[in-house]
Each structure stands twice: as C-alpha cells, then as structure tokens.
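Notes for the one structure printed next.
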Amino acid sequence: MIKIDHLKKVFGNNEVLKDINQEVKKGEVVVIIGPSGSGKSTLLRCLNLLEKPTSGEIIFEGTALTGLNETKLNQLREKMGMVFQSFNLFPHMTVLENLKVAPVKVKGVPDAEAQKHAIRLLEQVGLSDKADAYPSSLSGGQQQRVAIARALAMDPDVMLFDEPTSALDPEMVGEVLKVMQDLVEMGMTMVVVTHEMGFAKEMADRVIFMDGGYIVEDGKPDQVFNYPQHQRTQDFLAKIL
Ligand code: ADP
Ligand code: MG
C-alpha cells in the first residue's frame, strides 16, 4: 500500500531522515517507536507529503507522490487519514459537522449520506450522544475519538497516528486505544507513532525503532521487545519499560 524508497529529509543542515526504505502492506499495523527528535513525526508527515522529501520517493497504492500536482496529490491524501497529538477539531462546528464537512465539501458526498455515515462512525467510537456537542464541551479523550471518527469519515485506506494519546490525561488513554484496537480488528492499515508499548506489543504486526533519522530495528513485536539486535534499541527499551 505504501512504499518508502530511499527517503531523505533535511532541514537546513539537519539531516532528519537518512535513507529510509520501508513497505507497509494492506491491513498491516506498523508501530513506530523511538526517542524524541528521532524523526518519527517527520517520517509520518512525509508519507502524505505534508512534509516534502528532500530526496527519495513515496509510492502510495502504486502512484509516486513527489511529482504530482496539488489536485492529484490532494485526491490521494484523502485516502490517508491522519490523527495528531493535538485533536485539531473545528471549534465552531458541532461534532457531527466536524465529521461531515470534508466528505461534503471535498468529496461532494450528498449531505444525507454524509450524515448517515457520520452517525455510524460516532457509534463506532462510542459518542452517539455527542453529535450536537461542540468540541470545547468534550474531554480530551472524547475529542480525540471525534478526531479519529472525522478521519474515518473520508473512508481512508490507511490511518496515520502521531502520538494520539500523548496529550491526554492518563485516565483517557484507554478509551482512545480501544477505538484504535477496534480499527485494527476491522483490518485497517495503520501506521502508529506511540509510546504506548502495550498497544505496540498487542496490536502491531511490526514494530520499527527509529533513532537519529535511521530505522535501527524492524521486526515483530516479540522480536523487537524481547530480542532487540542493537544496543541503541536495548538502551531505549531499558529506559521506557
Ligand atoms: P520525533 O517525532 O521523533 O520527536 P521529529 O520528526 O519531530 O521527531 O523531529 C526530528 C528532527 O527534525 C528534530 O531535530 C526536529 O527539531 C527537526 N524538525 C522537525 N520539523 C522541523 C521543521 N519544520 N523545521 C526544522 N526542523 C524540524
Ligand atoms: Mg513527534
């Protein structure tokens, strides 16, 4: 579904991603872990060209992204849902309006159809009763579940998560991870940057450890957590586990 081919990203003279090569298969759940500043967010943002690669290529569903014009690029971006640490909901719209706006305005989905889909998605994330609420009246965990539902409203083929639970109070982490777990079980293709090692161990098909702009370790959760091959991975895991 996604192929990352010799991806490099440089900010000024800071080489943030150094020759990244990866493939994400349909239905695969890839969890990216690593210390702060190792390039995890930049990698995720390069996947949908929110960040333009310095060199290398991102191939999404068979199409190379770097050469595309904005129109074509935006069409493909619709297929990649993204959820950030900060929920970024539209504050002046209700929950339901947040879910409907992109399908209606960007994709031209008829209002009634978008409405039905939005209501179904709110059920899926356990927030049917919040359809008419404004984001500011919701808890952080609820807002993040709305943000996930909003991304799903575009019918993405892959969901990208950048530390979706890092800004939450501890008691709200579980409800967001549960929604993500449901998505895994529904077969969604997912790339997830997280510090939630429980999620990584239970849900990931593959765990990638990044450090200093490199992919240092890449394997099944059991392999990476229990038999890390590299000292840097062992040091990182010793600190967080
Ligand atoms: P992580 O998500 O693993 O914490 P990031 O991808 O956010 O790491 O950042 C990796 C490095 O790239 C850091 O040194 C950061 O300062 C730098 N960086 C990220 N975004 C930018 C930017 N827009 N401009 C300049 N430097 C950036
Ligand atoms: Mg980050």
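Chain labels A, B, ... are given in the sequence in which chains occur in the structure tokens; within each chain residues are numbered consecutively from 1, and ligands are likewise numbered from 1 in the order shown.
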Write out as a PDB file with C-alpha atoms, in the first residue's frame each polymer residue whose atoms come within 10 Å of A:Leu127, counting only C-alpha atoms; drop sequence neighbours fewer than 2 positions from it.
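Okay, selection-v7.pdb is ready:
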```pdb
ATOM      1  CA  VAL A  95     -19.191  17.066  16.405  1.00  0.00           C
ATOM      2  CA  ILE A 119     -23.753   8.880  12.825  1.00  0.00           C
ATOM      3  CA  ARG A 120     -22.459   5.355  12.213  1.00  0.00           C
ATOM      4  CA  LEU A 121     -18.903   6.472  12.946  1.00  0.00           C
ATOM      5  CA  LEU A 122     -19.960   8.203  16.160  1.00  0.00           C
ATOM      6  CA  GLU A 123     -21.497   4.900  17.253  1.00  0.00           C
ATOM      7  CA  GLN A 124     -18.249   3.159  16.397  1.00  0.00           C
ATOM      8  CA  VAL A 125     -16.228   5.482  18.665  1.00  0.00           C
ATOM      9  CA  ASP A 129     -24.819  11.135  22.338  1.00  0.00           C
ATOM     10  CA  LYS A 130     -22.330  13.901  21.442  1.00  0.00           C
ATOM     11  CA  ALA A 131     -23.393  14.569  17.842  1.00  0.00           C
ATOM     12  CA  GLN A 142     -13.708  12.307  23.609  1.00  0.00           C
ATOM     13  CA  GLN A 143     -12.184  14.962  21.337  1.00  0.00           C
ATOM     14  CA  ARG A 145     -12.204   9.905  19.424  1.00  0.00           C
ATOM     15  CA  VAL A 146     -14.071  12.519  17.365  1.00  0.00           C
ATOM     16  CA  ALA A 149     -14.063   9.432  13.509  1.00  0.00           C
TER      17      ALA A 149
END
```
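For ligand 2, the neighbouring protein, DNA and RNA residues, which are those within 7 Å when only C-alpha atoms and all ligand atoms are counted, are Ser36, Gly37, Gly39, Lys40, Ser41 and Asp162 of chain A.
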Ligand 1: which residues are within 9 Å, counting only C-alpha atoms and all ligand atoms, as a PDB file with C-alpha atoms, in the first residue's frame?
```
ATOM      1  CA  LYS A   9      14.671  14.758   4.667  1.00  0.00           C
ATOM      2  CA  VAL A  10      16.964  17.641   5.535  1.00  0.00           C
ATOM      3  CA  PHE A  11      16.025  20.785   7.490  1.00  0.00           C
ATOM      4  CA  GLY A  12      18.817  23.338   6.954  1.00  0.00           C
ATOM      5  CA  ASN A  14      19.962  18.879   9.990  1.00  0.00           C
ATOM      6  CA  GLU A  15      19.567  15.522   8.250  1.00  0.00           C
ATOM      7  CA  VAL A  16      16.426  14.271   9.953  1.00  0.00           C
ATOM      8  CA  LEU A  17      15.657  11.197   7.829  1.00  0.00           C
ATOM      9  CA  ILE A  33       8.813   3.927  18.478  1.00  0.00           C
ATOM     10  CA  GLY A  34      11.921   5.907  19.329  1.00  0.00           C
ATOM     11  CA  PRO A  35      13.292   8.820  21.320  1.00  0.00           C
ATOM     12  CA  SER A  36      12.128  12.385  20.890  1.00  0.00           C
ATOM     13  CA  GLY A  37      13.735  14.039  17.873  1.00  0.00           C
ATOM     14  CA  SER A  38      14.494  10.758  16.106  1.00  0.00           C
ATOM     15  CA  GLY A  39      12.367  11.708  13.091  1.00  0.00           C
ATOM     16  CA  LYS A  40       9.140   9.788  13.745  1.00  0.00           C
ATOM     17  CA  SER A  41       6.765  12.691  13.069  1.00  0.00           C
ATOM     18  CA  THR A  42       8.741  13.821  10.055  1.00  0.00           C
ATOM     19  CA  LEU A  43       8.542  10.323   8.589  1.00  0.00           C
ATOM     20  CA  LEU A  44       4.796  10.184   9.133  1.00  0.00           C
ATOM     21  CA  ARG A  45       4.348  13.639   7.602  1.00  0.00           C
ATOM     22  CA  GLU A  51       6.470  17.395   4.543  1.00  0.00           C
ATOM     23  CA  ASP A 162       1.147  10.609  15.549  1.00  0.00           C
ATOM     24  CA  GLU A 163       1.218  10.084  19.313  1.00  0.00           C
ATOM     25  CA  VAL A 193       3.762   6.547  16.359  1.00  0.00           C
ATOM     26  CA  MET A 210      13.958   4.866  14.983  1.00  0.00           C
ATOM     27  CA  ASP A 211      16.969   6.713  16.290  1.00  0.00           C
ATOM     28  CA  GLY A 212      18.854   9.621  14.759  1.00  0.00           C
ATOM     29  CA  GLY A 213      16.947   9.516  11.489  1.00  0.00           C
TER      30      GLY A 213
END
```
- [ ] Enumerate the residues of stretch 208-238 of chain A with a DSSP assignment of strand (DSSP E or B), computed from the backbone, and present them as a list in words.
- [x]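 Residues meeting the strand (DSSP E or B) criterion: Ile208, Phe209, Met210, Asp211, Tyr214, Ile215, Val216, Glu217, Asp218 and Gly219 of chain A.
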Open item on the list: Would you pick out the contacts of stretch 220-223 of chain A at 8 Å or less, using only C-alpha atoms, so that residues sharing its chain but fewer than 2 positions from it are not included, and give the list as a ChimeraX atom specification?
Closed with: /A:200-201,204-207,218,225-228
Open item on the list: If you run DSSP on the backbone here, which positions in stretch 43-103 of chain A get alpha helix (DSSP H)? Please write them as a ChimeraX atom specification.
Closed with: /A:43-47,70-77,95-103
Open item on the list: Please list as a VMD selection string every residue within 10 Å of A:Met154, counting only C-alpha atoms and excluding residues in the same chain fewer than 5 positions away.
Closed with: chain A and resid 78 to 81 99 to 104 106 to 107 109 114 117 to 118 149
For the selection you just gave me, I'd like the residues written to a file as a compact mmCIF listing (two decimals), in the first residue's frame, keeping all heavy atoms.
```
# COMPACT_ATOMS: atom_id res chain seq x y z
N GLU A 78 -6.66 12.19 0.52
CA GLU A 78 -7.95 11.84 1.10
C GLU A 78 -7.99 10.39 1.55
O GLU A 78 -8.78 10.02 2.40
CB GLU A 78 -9.07 12.08 0.08
CG GLU A 78 -9.34 13.53 -0.21
CD GLU A 78 -10.27 13.68 -1.40
OE1 GLU A 78 -10.95 12.71 -1.78
OE2 GLU A 78 -10.30 14.79 -1.97
N LYS A 79 -7.16 9.58 0.92
CA LYS A 79 -7.13 8.15 1.25
C LYS A 79 -6.26 7.84 2.46
O LYS A 79 -6.11 6.70 2.86
CB LYS A 79 -6.63 7.36 0.02
CG LYS A 79 -7.50 7.48 -1.19
CD LYS A 79 -8.49 6.34 -1.26
CE LYS A 79 -9.92 6.77 -1.35
NZ LYS A 79 -10.85 5.80 -0.77
N MET A 80 -5.59 8.89 2.97
CA MET A 80 -4.73 8.71 4.15
C MET A 80 -5.26 9.57 5.28
O MET A 80 -5.08 10.79 5.29
CB MET A 80 -3.30 9.15 3.81
CG MET A 80 -2.65 8.31 2.73
SD MET A 80 -0.89 8.72 2.56
CE MET A 80 -0.90 9.46 0.94
N GLY A 81 -5.92 8.94 6.23
CA GLY A 81 -6.42 9.69 7.39
C GLY A 81 -5.29 9.96 8.35
O GLY A 81 -4.40 9.13 8.51
N LEU A 99 -17.52 15.97 11.40
CA LEU A 99 -17.40 14.72 10.64
C LEU A 99 -17.89 14.88 9.20
O LEU A 99 -17.41 14.21 8.30
CB LEU A 99 -18.21 13.60 11.33
CG LEU A 99 -17.42 12.69 12.28
CD1 LEU A 99 -16.84 13.46 13.44
CD2 LEU A 99 -18.30 11.55 12.78
N LYS A 100 -18.86 15.76 8.98
CA LYS A 100 -19.49 15.85 7.67
C LYS A 100 -18.77 16.80 6.71
O LYS A 100 -18.87 16.65 5.49
CB LYS A 100 -20.94 16.34 7.82
CG LYS A 100 -21.90 15.26 8.26
CD LYS A 100 -23.25 15.84 8.65
CE LYS A 100 -23.91 16.59 7.50
NZ LYS A 100 -25.25 17.11 7.92
N VAL A 101 -18.05 17.76 7.27
CA VAL A 101 -17.60 18.88 6.42
C VAL A 101 -16.70 18.43 5.27
O VAL A 101 -16.92 18.82 4.12
CB VAL A 101 -16.96 20.01 7.27
CG1 VAL A 101 -15.72 19.57 8.00
CG2 VAL A 101 -16.66 21.22 6.39
N ALA A 102 -15.72 17.58 5.54
CA ALA A 102 -14.81 17.20 4.45
C ALA A 102 -15.49 16.29 3.42
O ALA A 102 -15.36 16.52 2.22
CB ALA A 102 -13.54 16.56 5.00
N PRO A 103 -16.21 15.25 3.87
CA PRO A 103 -16.91 14.43 2.86
C PRO A 103 -17.83 15.27 1.95
O PRO A 103 -17.86 15.06 0.73
CB PRO A 103 -17.73 13.45 3.70
CG PRO A 103 -16.96 13.33 4.97
CD PRO A 103 -16.34 14.68 5.21
N VAL A 104 -18.56 16.22 2.54
CA VAL A 104 -19.50 17.02 1.74
C VAL A 104 -18.76 18.03 0.87
O VAL A 104 -18.98 18.10 -0.34
CB VAL A 104 -20.52 17.75 2.67
CG1 VAL A 104 -21.35 18.74 1.87
CG2 VAL A 104 -21.42 16.73 3.36
N VAL A 106 -15.33 18.43 0.26
CA VAL A 106 -14.17 18.00 -0.53
C VAL A 106 -14.54 16.89 -1.51
O VAL A 106 -14.14 16.91 -2.67
CB VAL A 106 -13.01 17.55 0.39
CG1 VAL A 106 -11.81 17.09 -0.42
CG2 VAL A 106 -12.63 18.67 1.35
N LYS A 107 -15.33 15.92 -1.03
CA LYS A 107 -15.62 14.76 -1.87
C LYS A 107 -16.95 14.88 -2.60
O LYS A 107 -17.26 14.06 -3.46
CB LYS A 107 -15.68 13.51 -1.00
CG LYS A 107 -14.37 12.74 -0.91
CD LYS A 107 -14.50 11.61 0.09
CE LYS A 107 -14.29 10.25 -0.51
NZ LYS A 107 -14.44 9.21 0.54
N VAL A 109 -19.92 14.32 -1.29
CA VAL A 109 -20.89 13.33 -0.81
C VAL A 109 -22.19 14.07 -0.47
O VAL A 109 -22.15 15.12 0.17
CB VAL A 109 -20.34 12.61 0.45
CG1 VAL A 109 -21.37 11.66 1.04
CG2 VAL A 109 -19.05 11.87 0.13
N ALA A 114 -23.65 11.65 4.01
CA ALA A 114 -22.57 12.02 4.94
C ALA A 114 -23.07 11.97 6.38
O ALA A 114 -22.37 11.53 7.29
CB ALA A 114 -22.04 13.41 4.62
N HIS A 117 -23.36 8.30 7.51
CA HIS A 117 -22.02 7.77 7.75
C HIS A 117 -21.46 8.34 9.06
O HIS A 117 -20.89 7.61 9.87
CB HIS A 117 -21.12 8.13 6.56
CG HIS A 117 -19.81 7.42 6.55
ND1 HIS A 117 -18.71 7.85 5.83
CD2 HIS A 117 -19.39 6.31 7.21
CE1 HIS A 117 -17.70 7.04 6.04
NE2 HIS A 117 -18.07 6.09 6.87
N ALA A 118 -21.65 9.64 9.27
CA ALA A 118 -21.12 10.29 10.47
C ALA A 118 -21.76 9.68 11.73
O ALA A 118 -21.08 9.41 12.72
CB ALA A 118 -21.40 11.79 10.41
N ALA A 149 -12.85 9.61 14.31
CA ALA A 149 -14.06 9.43 13.51
C ALA A 149 -14.06 10.37 12.30
O ALA A 149 -14.46 9.99 11.20
CB ALA A 149 -15.30 9.68 14.37
```
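Atom to atom, atom CA of A:Ile20 and atom CA of A:Asn74 stand 23.5 Å apart.
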- [ ] Fewer than 2 positions away in the same chain doesn't count, so skip those; otherwise give me all residues within 8 Å of A:Lys52, counting only C-alpha atoms, as an MDAnalysis selection string.
- [x] chainID A and resid 9 46 49:50 54 66
File dump, residues just selected, C-alpha atoms, as a short mmCIF file (atom, residue, chain, number, x, y, z; two decimals), in the first residue's frame:
```cif
data_model
loop_
_atom_site.label_atom_id
_atom_site.label_comp_id
_atom_site.auth_asym_id
_atom_site.auth_seq_id
_atom_site.Cartn_x
_atom_site.Cartn_y
_atom_site.Cartn_z
CA LYS A 9 14.67 14.76 4.67
CA CYS A 46 6.42 12.65 4.59
CA LEU A 49 3.72 14.84 1.70
CA LEU A 50 2.69 17.23 4.47
CA THR A 54 14.45 16.18 0.17
CA THR A 66 6.52 13.58 -5.24
#
```
Task: d(atom CA of A:Asn88, atom CA of A:Lys18) in Å - done: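 Atom CA of A:Lys18 lies at a distance of 29.6 Å from atom CA of A:Asn88.
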Task: Minimum-distance residue to A:Val31, chosen among A:Val191, A:Asn69, A:Gly62, A:Lys239 (using only C-alpha atoms) - done: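 So, comparing all the options, the nearest one is A:Val191.
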Need to verify the contact set: A:Ser139, 12 Å, only C-alpha atoms, exclusion of same-chain residues closer than 5 positions in sequence. Can you return it as a short mmCIF file (atom, residue, chain, number, x, y, z; two decimals) with N, CA and C atoms, in the first residue's frame?
```
data_model
loop_
_atom_site.label_atom_id
_atom_site.label_comp_id
_atom_site.auth_asym_id
_atom_site.auth_seq_id
_atom_site.Cartn_x
_atom_site.Cartn_y
_atom_site.Cartn_z
N PHE A 87 -5.86 17.55 18.98
CA PHE A 87 -7.00 16.98 18.26
C PHE A 87 -7.39 17.77 17.02
N LEU A 127 -19.66 7.67 20.76
CA LEU A 127 -20.03 9.05 21.06
C LEU A 127 -21.33 9.49 20.39
N LYS A 130 -23.05 12.62 21.52
CA LYS A 130 -22.33 13.90 21.44
C LYS A 130 -22.43 14.57 20.07
N ALA A 133 -22.86 18.26 20.23
CA ALA A 133 -21.99 18.98 21.17
C ALA A 133 -20.89 19.72 20.41
N TYR A 134 -20.35 20.76 21.03
CA TYR A 134 -19.19 21.45 20.48
C TYR A 134 -17.92 20.87 21.11
N GLN A 144 -10.42 13.34 21.01
CA GLN A 144 -9.55 12.53 20.15
C GLN A 144 -10.35 11.44 19.45
N ARG A 145 -11.36 10.89 20.10
CA ARG A 145 -12.20 9.91 19.42
C ARG A 145 -12.99 10.55 18.28
N VAL A 146 -13.42 11.80 18.46
CA VAL A 146 -14.07 12.52 17.36
C VAL A 146 -13.07 12.73 16.22
N ALA A 167 -1.19 13.64 24.54
CA ALA A 167 -1.67 14.88 25.16
C ALA A 167 -2.80 14.62 26.16
N LEU A 168 -3.12 13.34 26.37
CA LEU A 168 -4.30 13.01 27.19
C LEU A 168 -3.94 12.76 28.65
N ASP A 169 -4.89 13.09 29.53
CA ASP A 169 -4.75 12.66 30.91
C ASP A 169 -4.76 11.13 30.93
N GLU A 171 -6.19 8.82 32.51
CA GLU A 171 -7.44 8.05 32.58
C GLU A 171 -8.20 8.05 31.26
N MET A 172 -7.75 8.85 30.29
CA MET A 172 -8.44 8.89 29.00
C MET A 172 -7.70 8.15 27.89
N VAL A 173 -6.52 7.67 28.22
CA VAL A 173 -5.71 6.98 27.20
C VAL A 173 -6.42 5.71 26.73
N GLU A 175 -9.56 4.74 26.49
CA GLU A 175 -10.72 4.83 25.59
C GLU A 175 -10.29 5.11 24.15
N VAL A 176 -9.19 5.83 23.99
CA VAL A 176 -8.68 6.11 22.63
C VAL A 176 -7.98 4.87 22.07
#
```
Open item on the list: What's around A:Met188 at 9 Å? Count only C-alpha atoms, leave out sequence neighbours fewer than 6 positions away in its own chain, and write the answer as a PyMOL selection string.
Closed with: chain A and resi 26-29+156-159
May I have the selected residues written with C-alpha atoms, as a compact mmCIF listing (two decimals), in the first residue's frame?
```txt
# COMPACT_ATOMS: atom_id res chain seq x y z
CA LYS A 26 -2.59 -3.63 3.12
CA GLY A 27 -4.04 -4.49 6.53
CA GLU A 28 -0.68 -4.20 8.24
CA VAL A 29 -0.30 -2.38 11.57
CA PRO A 156 -9.31 6.29 4.13
CA ASP A 157 -7.32 3.25 3.03
CA VAL A 158 -4.71 3.88 5.71
CA MET A 159 -4.72 5.70 9.04
```
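Across A:Pro135, A:Ile32, A:Ser55, A:Val184, the tightest approach to A:Asp19 is made by A:Ser55 when counting only C-alpha atoms.
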Open item on the list: Between A:Ala147, A:Asp182, A:Glu61, A:Leu68, which residue has the minimum interatomic distance to A:Pro91, considering only C-alpha atoms?
Closed with: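 When distances to A:Pro91 are compared using only C-alpha atoms, the smallest one comes from A:Ala147.
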